[in-house]
Structures are given as structure tokens and as C-alpha cells.
Amino acid sequence: MSDIMSYLFKTNAIKFCEENKPFWYTSGKIGPYFINTHFVYGSEQEASNFLSFIDECLADKQSLPTKVFEKSFAQYQNNNIYRDVIDTMKQYIEQNIDVSEIDYVSGGERRDWFFSNMIAYLLGKPHISIFKDLSTVVSDSEFKNSEVVTTLQDKKVLHVADLITVASSYIRAWIPAIRNLGSQIDWSCVVVDRMQGGSAKIEAEGVKAFSLVNVDSTLFDKALEMGIINSNQVDMLNGFYSNPDETMRNFLIEHPEFLQNALHSDEKTKKRAQLLVDGDLYGLNG
């Protein structure tokens, strides 16, 4: 999957922080990388435009799948990176799952649709679009006809997504939505697994988990080999992978100026730094 890794770096889908300058996350915590898997649609700008297009389509759920598919199909035909990622995912699924057992492919609002629609089309399987309110629309494999459904008994579903972290979307929405129909997500395939326990959570729900790329030492070594990061950055990344809270706590203790500077920075950074302080997210007050 080294080509997929290269595409993640090339499109900034995975972005590593500069040495001793971790990113601020919305939660108020800090970390050494950002992941925006949907950038492999071609570029950050193209992915952003596609998300805006999806937002415009959300007003009419029944017509949305066809519109979204047509847009992604055009990109598949015209963008080498996106086409290679989709083709690699299709091949990976065929190598690891008996495709004849798959009744439907599903994808959840919104970023899953960058990948699930094309996979359903290429596998010749009907597609289930799952919305955040747990409503569902089923389309034929060519996305010519779509209908809102409330029941779909005893079907086996492959869920295709951009990313899995702690599987909150799976547990809150995707798995319950399919169960509400009377069926089951039997498999999940994502482009990137952040290796933060999500796969184990969905496997406990009876879902077999697959991923093209894992955020682990193999990925970090590839980035080092490509000259994207240096050995000091790799040390932080490996520490974060093993124990994120302890690694970032030690960093803050060793670099007290980092938090102080953030508290006097731009409004967004200041707000996130204040969340860290107010919530004592790394136990610095203990």
C-alpha cells in the first residue's frame, strides 16, 4: 500500500507537525499530525469543493446519491490519484472478502461518500446512503434509481469509509441505522485506520474491520524514508502512537513556553489552549 501512503503525503491528507510544534486539536489536546483522508479525492481544494457540493445536495436526500455519484465518477475518470485509491480499495476488498456474500455497500454522511459510491458501482452492488439522523436511501449499483427505505431484512452490508478513529460514528449512527433496517454491517473497509481502538470497537459489534493504511510505525518510517520528517519527529510520532497523552504531557512539561505562547496567540489557538488549561487535560496541575 506504499502508493496509497505516497498519495496521502502528496495531497496533505496526512500532515505532520514541524519539530516541537504539535498541532492544536479542537478538543484542546495536541498531537503531531492531522488526517484529512478525503484529500486523496485529488487535492485539498477539490475535496473542499466536493464537500460543499454534498452540502448543497442534502436538501433532497432521495436525489443526493445520484448527484454525488455523478460528481465522484467524473473525478474518478479524470484524476489519477483518486482513481488509483479507489481501484486499490476495490482490489483489496476483493482479496479479503468474498464479494458474492456482499448484498449492499453503505457509506455515511458525508466523507464516506467520497469512497463508498464508487466502490458500490465498481463491485456492482446497490448502495445505502446513511444520513446523520439515521435515515437511509438505497440506490441501484449505477445510481440511476434511489428510494428512501425503512426496512431491508437480513442483508449483509459492507461499510466503506474514509477513516476510523475511535469509531464514534459507527457506534452512534452507521451500525444502528443498518440494524434498524433489519440487516447487519458485516464488514468495514476504510482508507486510513488511526489505530486508536476503533477497529476493536466495531469488531466487538460483529463487524470485520479492514484498512488500506494504518497510522503506525510503518507509515512514519515511510515518511522518514521520503524525507518528509526527521528522526526526532519520528520519535514523537512513535511515542504518540504508543501513549498519546503521556507523550504530549511530557512535551508540555519539557516545553512550557509552547502552552504559554498558545495562550497569547490568535483567537482559535488561544481558545483551544484554554480548553487544555481549564480541563487540565494532561494532568499538569497534579
# chains A, B, ... in the order shown; residues from 1 in each chain; ligands from 1
$ closest_atom_pairs --of "region 148-226 of chain A" --to "region 80-87 of chain A" --cutoff "12 Å" --atoms "only C-alpha atoms" --output "CSV"
residue,atom,partner,partner_atom,distance
A:Val160,CA,A:Ile86,CA,10.9
A:Ala161,CA,A:Ile86,CA,11.6
A:Asp162,CA,A:Val85,CA,11.0
A:Cys189,CA,A:Ile86,CA,11.7
A:Val190,CA,A:Ile86,CA,11.0
A:Val191,CA,A:Val85,CA,8.4
A:Val192,CA,A:Val85,CA,11.4
A:Leu212,CA,A:Val85,CA,9.3
A:Val213,CA,A:Val85,CA,11.2
$ write_last_selection --atoms "C-alpha atoms" --output "short mmCIF file (atom, residue, chain, number, x, y, z; two decimals), in the first residue's frame"
data_model
loop_
_atom_site.label_atom_id
_atom_site.label_comp_id
_atom_site.auth_asym_id
_atom_site.auth_seq_id
_atom_site.Cartn_x
_atom_site.Cartn_y
_atom_site.Cartn_z
CA VAL A 160 -16.88 1.87 3.23
CA ALA A 161 -15.42 4.94 4.95
CA ASP A 162 -12.59 7.42 4.75
CA CYS A 189 -13.18 -1.06 4.87
CA VAL A 190 -11.53 2.33 5.41
CA VAL A 191 -8.69 4.13 3.69
CA VAL A 192 -6.99 5.04 7.00
CA LEU A 212 -5.59 0.21 3.48
CA VAL A 213 -3.22 2.23 5.70
#
$ select_by_dssp --residues "region 105-208 of chain A" --states "alpha helix (DSSP H)" --output "VMD selection string"
chain A and resid 113 to 123 168 to 169 175 to 181 198 to 203
$ write_last_selection --atoms "N, CA and C atoms" --output "PDB file, in the first residue's frame"
ATOM      1  N   TRP A 113     -18.884   9.123   1.542  1.00  0.00           N
ATOM      2  CA  TRP A 113     -19.407   9.107   0.166  1.00  0.00           C
ATOM      3  C   TRP A 113     -18.338   9.421  -0.876  1.00  0.00           C
ATOM      4  N   PHE A 114     -17.194   9.937  -0.439  1.00  0.00           N
ATOM      5  CA  PHE A 114     -16.066  10.110  -1.360  1.00  0.00           C
ATOM      6  C   PHE A 114     -15.613   8.751  -1.895  1.00  0.00           C
ATOM      7  N   PHE A 115     -15.877   7.678  -1.132  1.00  0.00           N
ATOM      8  CA  PHE A 115     -15.348   6.354  -1.455  1.00  0.00           C
ATOM      9  C   PHE A 115     -16.434   5.293  -1.659  1.00  0.00           C
ATOM     10  N   SER A 116     -17.487   5.317  -0.849  1.00  0.00           N
ATOM     11  CA  SER A 116     -18.473   4.221  -0.870  1.00  0.00           C
ATOM     12  C   SER A 116     -19.250   4.145  -2.179  1.00  0.00           C
ATOM     13  N   ASN A 117     -19.576   5.303  -2.759  1.00  0.00           N
ATOM     14  CA  ASN A 117     -20.351   5.292  -4.009  1.00  0.00           C
ATOM     15  C   ASN A 117     -19.598   4.600  -5.139  1.00  0.00           C
ATOM     16  N   MET A 118     -18.322   4.964  -5.299  1.00  0.00           N
ATOM     17  CA  MET A 118     -17.531   4.381  -6.384  1.00  0.00           C
ATOM     18  C   MET A 118     -17.281   2.888  -6.158  1.00  0.00           C
ATOM     19  N   ILE A 119     -17.064   2.509  -4.901  1.00  0.00           N
ATOM     20  CA  ILE A 119     -16.843   1.090  -4.600  1.00  0.00           C
ATOM     21  C   ILE A 119     -18.100   0.284  -4.911  1.00  0.00           C
ATOM     22  N   ALA A 120     -19.270   0.801  -4.537  1.00  0.00           N
ATOM     23  CA  ALA A 120     -20.527   0.109  -4.847  1.00  0.00           C
ATOM     24  C   ALA A 120     -20.682  -0.061  -6.354  1.00  0.00           C
ATOM     25  N   TYR A 121     -20.416   0.983  -7.100  1.00  0.00           N
ATOM     26  CA  TYR A 121     -20.535   0.945  -8.558  1.00  0.00           C
ATOM     27  C   TYR A 121     -19.578  -0.088  -9.163  1.00  0.00           C
ATOM     28  N   LEU A 122     -18.325  -0.067  -8.731  1.00  0.00           N
ATOM     29  CA  LEU A 122     -17.319  -0.964  -9.317  1.00  0.00           C
ATOM     30  C   LEU A 122     -17.546  -2.422  -8.926  1.00  0.00           C
ATOM     31  N   LEU A 123     -18.128  -2.639  -7.736  1.00  0.00           N
ATOM     32  CA  LEU A 123     -18.426  -4.010  -7.311  1.00  0.00           C
ATOM     33  C   LEU A 123     -19.776  -4.484  -7.843  1.00  0.00           C
ATOM     34  N   SER A 168     -16.727   6.420  16.767  1.00  0.00           N
ATOM     35  CA  SER A 168     -17.928   7.040  17.332  1.00  0.00           C
ATOM     36  C   SER A 168     -19.074   7.100  16.324  1.00  0.00           C
ATOM     37  N   SER A 169     -18.770   7.386  15.051  1.00  0.00           N
ATOM     38  CA  SER A 169     -19.829   7.448  14.035  1.00  0.00           C
ATOM     39  C   SER A 169     -20.428   6.072  13.781  1.00  0.00           C
ATOM     40  N   ILE A 175     -23.846   1.659  12.369  1.00  0.00           N
ATOM     41  CA  ILE A 175     -24.276   0.303  12.752  1.00  0.00           C
ATOM     42  C   ILE A 175     -25.758   0.287  13.161  1.00  0.00           C
ATOM     43  N   PRO A 176     -26.211   1.219  14.030  1.00  0.00           N
ATOM     44  CA  PRO A 176     -27.646   1.244  14.384  1.00  0.00           C
ATOM     45  C   PRO A 176     -28.570   1.472  13.189  1.00  0.00           C
ATOM     46  N   ALA A 177     -28.154   2.324  12.244  1.00  0.00           N
ATOM     47  CA  ALA A 177     -29.015   2.612  11.089  1.00  0.00           C
ATOM     48  C   ALA A 177     -29.286   1.347  10.278  1.00  0.00           C
ATOM     49  N   ILE A 178     -28.251   0.544  10.069  1.00  0.00           N
ATOM     50  CA  ILE A 178     -28.426  -0.701   9.305  1.00  0.00           C
ATOM     51  C   ILE A 178     -29.210  -1.730  10.119  1.00  0.00           C
ATOM     52  N   ARG A 179     -28.971  -1.775  11.424  1.00  0.00           N
ATOM     53  CA  ARG A 179     -29.747  -2.685  12.280  1.00  0.00           C
ATOM     54  C   ARG A 179     -31.216  -2.295  12.296  1.00  0.00           C
ATOM     55  N   ASN A 180     -31.486  -0.985  12.271  1.00  0.00           N
ATOM     56  CA  ASN A 180     -32.880  -0.522  12.245  1.00  0.00           C
ATOM     57  C   ASN A 180     -33.616  -1.028  11.010  1.00  0.00           C
ATOM     58  N   LEU A 181     -32.866  -1.261   9.932  1.00  0.00           N
ATOM     59  CA  LEU A 181     -33.470  -1.770   8.702  1.00  0.00           C
ATOM     60  C   LEU A 181     -33.734  -3.274   8.768  1.00  0.00           C
ATOM     61  N   GLY A 198     -10.705   2.071  17.319  1.00  0.00           N
ATOM     62  CA  GLY A 198     -11.974   2.000  16.601  1.00  0.00           C
ATOM     63  C   GLY A 198     -12.275   0.637  16.018  1.00  0.00           C
ATOM     64  N   SER A 199     -11.266   0.023  15.414  1.00  0.00           N
ATOM     65  CA  SER A 199     -11.477  -1.292  14.792  1.00  0.00           C
ATOM     66  C   SER A 199     -11.896  -2.337  15.815  1.00  0.00           C
ATOM     67  N   ALA A 200     -11.271  -2.306  16.988  1.00  0.00           N
ATOM     68  CA  ALA A 200     -11.635  -3.257  18.049  1.00  0.00           C
ATOM     69  C   ALA A 200     -13.078  -3.038  18.499  1.00  0.00           C
ATOM     70  N   LYS A 201     -13.506  -1.775  18.545  1.00  0.00           N
ATOM     71  CA  LYS A 201     -14.876  -1.479  18.976  1.00  0.00           C
ATOM     72  C   LYS A 201     -15.904  -2.028  17.998  1.00  0.00           C
ATOM     73  N   ILE A 202     -15.646  -1.857  16.696  1.00  0.00           N
ATOM     74  CA  ILE A 202     -16.650  -2.344  15.743  1.00  0.00           C
ATOM     75  C   ILE A 202     -16.579  -3.866  15.598  1.00  0.00           C
ATOM     76  N   GLU A 203     -15.384  -4.440  15.811  1.00  0.00           N
ATOM     77  CA  GLU A 203     -15.302  -5.909  15.764  1.00  0.00           C
ATOM     78  C   GLU A 203     -16.088  -6.511  16.921  1.00  0.00           C
TER      79      GLU A 203
END
$ closest_residue --among "A:Val149, A:Ile35, A:Val99, A:Met226" --to "Ala13 (chain A)" --atoms "only C-alpha atoms"
A:Ile35
$ residues_around --residues "region 260-266 of chain A" --least-positions-apart "6" --cutoff "12 Å" --atoms "only C-alpha atoms" --output "ChimeraX atom specification"
/A:21-24,28,30,252-253,272-278
$ closest_residue --among "A:Lys156, A:Lys90, A:Arg249, A:His127" --to "Leu284 (chain A)" --atoms "only C-alpha atoms"
A:Arg249
$ select_by_dssp --residues "region 114-174 of chain A" --states "strand (DSSP E or B)" --output "ChimeraX atom specification"
/A:127-130,136-139,146-149,156-164
$ closest_residue --among "A:Val157, A:Leu281, A:Leu163, A:Met248" --to "Arg111 (chain A)" --atoms "only C-alpha atoms"
A:Leu163
$ closest_residue --among "A:Pro65, A:Gly124, A:Gly197, A:Pro256" --to "Gly107 (chain A)" --atoms "only C-alpha atoms"
A:Pro65
$ closest_residue --among "A:Gln45, A:Asp103, A:Val166, A:His159" --to "Asp140 (chain A)" --atoms "only C-alpha atoms"
A:Asp103
$ atom_distance --atom1 "CA of Tyr282 (chain A)" --atom2 "CA of Asn20 (chain A)"
17.1 Å
$ residues_around --residues "Asp154 (chain A)" --least-positions-apart "5" --cutoff "9 Å" --atoms "only C-alpha atoms" --output "ChimeraX atom specification"
/A:181-184
$ residues_around --residues "Glu19 (chain A)" --least-positions-apart "3" --cutoff "10 Å" --atoms "only C-alpha atoms" --output "list in words"
Phe16, Pro22, Pro32, Ile229, Asn230, Ser231, Asn232, Gln233, Val234 and Met236 of chain A
$ write_last_selection --atoms "C-alpha atoms" --output "JSON list (two decimals), in the first residue's frame"
[["chain", "number", "residue", "atom", "x", "y", "z"],
["A", 16, "PHE", "CA", 2.93, 16.12, 10.19],
["A", 22, "PRO", "CA", 2.42, 19.90, 17.63],
["A", 32, "PRO", "CA", 1.83, 15.53, 15.89],
["A", 229, "ILE", "CA", 10.02, 14.14, 8.51],
["A", 230, "ASN", "CA", 13.24, 13.72, 10.52],
["A", 231, "SER", "CA", 14.23, 11.18, 13.18],
["A", 232, "ASN", "CA", 13.22, 13.49, 16.07],
["A", 233, "GLN", "CA", 9.75, 13.80, 14.59],
["A", 234, "VAL", "CA", 9.58, 10.02, 14.24],
["A", 236, "MET", "CA", 7.45, 11.92, 18.84]]
$ closest_residue --among "A:Thr11, A:Ser217, A:Ser6, A:Thr26" --to "Val40 (chain A)" --atoms "only C-alpha atoms"
A:Thr11
$ decode --residues "region 234-272 of chain A" --atoms "N, CA and C atoms" --output "tab-separated table (two decimals), in the first residue's frame"
chain	number	residue	atom	x	y	z
A	234	VAL	N	9.99	11.43	14.16
A	234	VAL	CA	9.58	10.02	14.24
A	234	VAL	C	9.48	9.57	15.69
A	235	ASP	N	10.42	10.03	16.53
A	235	ASP	CA	10.38	9.67	17.95
A	235	ASP	C	9.09	10.16	18.60
A	236	MET	N	8.69	11.41	18.27
A	236	MET	CA	7.45	11.92	18.84
A	236	MET	C	6.25	11.15	18.31
A	237	LEU	N	6.25	10.84	17.02
A	237	LEU	CA	5.15	10.10	16.41
A	237	LEU	C	5.00	8.71	17.01
A	238	ASN	N	6.11	8.03	17.19
A	238	ASN	CA	6.05	6.69	17.78
A	238	ASN	C	5.58	6.75	19.24
A	239	GLY	N	6.04	7.78	19.96
A	239	GLY	CA	5.59	7.96	21.34
A	239	GLY	C	4.10	8.24	21.40
A	240	PHE	N	3.63	9.09	20.48
A	240	PHE	CA	2.21	9.42	20.42
A	240	PHE	C	1.39	8.19	20.07
A	241	TYR	N	1.90	7.37	19.17
A	241	TYR	CA	1.20	6.14	18.79
A	241	TYR	C	1.08	5.20	19.98
A	242	SER	N	2.15	5.09	20.78
A	242	SER	CA	2.15	4.16	21.92
A	242	SER	C	1.31	4.70	23.08
A	243	ASN	N	1.48	5.99	23.38
A	243	ASN	CA	0.77	6.58	24.52
A	243	ASN	C	0.60	8.08	24.28
A	244	PRO	N	-0.47	8.48	23.59
A	244	PRO	CA	-0.61	9.88	23.18
A	244	PRO	C	-0.62	10.87	24.34
A	245	ASP	N	-1.38	10.58	25.39
A	245	ASP	CA	-1.49	11.54	26.49
A	245	ASP	C	-0.17	11.71	27.23
A	246	GLU	N	0.50	10.62	27.52
A	246	GLU	CA	1.77	10.71	28.24
A	246	GLU	C	2.83	11.43	27.40
A	247	THR	N	2.86	11.14	26.10
A	247	THR	CA	3.85	11.77	25.21
A	247	THR	C	3.63	13.27	25.14
A	248	MET	N	2.38	13.70	25.00
A	248	MET	CA	2.09	15.13	24.92
A	248	MET	C	2.23	15.82	26.27
A	249	ARG	N	1.95	15.10	27.34
A	249	ARG	CA	2.16	15.67	28.69
A	249	ARG	C	3.64	15.94	28.92
A	250	ASN	N	4.47	14.97	28.57
A	250	ASN	CA	5.92	15.15	28.73
A	250	ASN	C	6.43	16.30	27.86
A	251	PHE	N	5.87	16.41	26.66
A	251	PHE	CA	6.28	17.52	25.78
A	251	PHE	C	5.96	18.87	26.43
A	252	LEU	N	4.77	19.00	27.00
A	252	LEU	CA	4.36	20.26	27.61
A	252	LEU	C	5.22	20.60	28.84
A	253	ILE	N	5.61	19.56	29.58
A	253	ILE	CA	6.48	19.78	30.75
A	253	ILE	C	7.86	20.25	30.29
A	254	GLU	N	8.35	19.64	29.21
A	254	GLU	CA	9.70	19.98	28.71
A	254	GLU	C	9.71	21.29	27.94
A	255	HIS	N	8.54	21.71	27.42
A	255	HIS	CA	8.46	22.95	26.64
A	255	HIS	C	7.31	23.82	27.17
A	256	PRO	N	7.47	24.37	28.39
A	256	PRO	CA	6.38	25.15	28.99
A	256	PRO	C	6.01	26.39	28.16
A	257	GLU	N	6.96	26.87	27.37
A	257	GLU	CA	6.70	28.06	26.56
A	257	GLU	C	5.66	27.78	25.47
A	258	PHE	N	5.52	26.51	25.06
A	258	PHE	CA	4.58	26.17	23.99
A	258	PHE	C	3.15	26.53	24.40
A	259	LEU	N	2.75	26.14	25.62
A	259	LEU	CA	1.41	26.44	26.11
A	259	LEU	C	1.25	27.94	26.37
A	260	GLN	N	2.25	28.56	26.95
A	260	GLN	CA	2.18	30.00	27.24
A	260	GLN	C	2.03	30.81	25.96
A	261	ASN	N	2.79	30.45	24.95
A	261	ASN	CA	2.70	31.15	23.66
A	261	ASN	C	1.31	30.98	23.05
A	262	ALA	N	0.76	29.77	23.17
A	262	ALA	CA	-0.56	29.49	22.61
A	262	ALA	C	-1.64	30.32	23.29
A	263	LEU	N	-1.50	30.53	24.60
A	263	LEU	CA	-2.49	31.30	25.36
A	263	LEU	C	-2.47	32.79	24.98
A	264	HIS	N	-1.42	33.19	24.28
A	264	HIS	CA	-1.31	34.58	23.83
A	264	HIS	C	-1.24	34.66	22.31
A	265	SER	N	-1.80	33.65	21.66
A	265	SER	CA	-1.74	33.56	20.20
A	265	SER	C	-3.04	34.07	19.58
A	266	ASP	N	-3.33	33.62	18.35
A	266	ASP	CA	-4.58	34.00	17.68
A	266	ASP	C	-5.78	33.42	18.42
A	267	GLU	N	-6.95	33.91	18.11
A	267	GLU	CA	-8.16	33.56	18.87
A	267	GLU	C	-8.44	32.06	18.88
A	268	LYS	N	-8.30	31.41	17.73
A	268	LYS	CA	-8.59	29.97	17.64
A	268	LYS	C	-7.64	29.16	18.51
A	269	THR	N	-6.34	29.47	18.39
A	269	THR	CA	-5.34	28.74	19.18
A	269	THR	C	-5.53	29.00	20.67
A	270	LYS	N	-5.79	30.26	21.01
A	270	LYS	CA	-5.99	30.64	22.42
A	270	LYS	C	-7.16	29.87	23.03
A	271	LYS	N	-8.25	29.76	22.25
A	271	LYS	CA	-9.45	29.06	22.73
A	271	LYS	C	-9.14	27.59	23.01
A	272	ARG	N	-8.39	26.96	22.12
A	272	ARG	CA	-8.05	25.54	22.31
A	272	ARG	C	-7.09	25.34	23.48
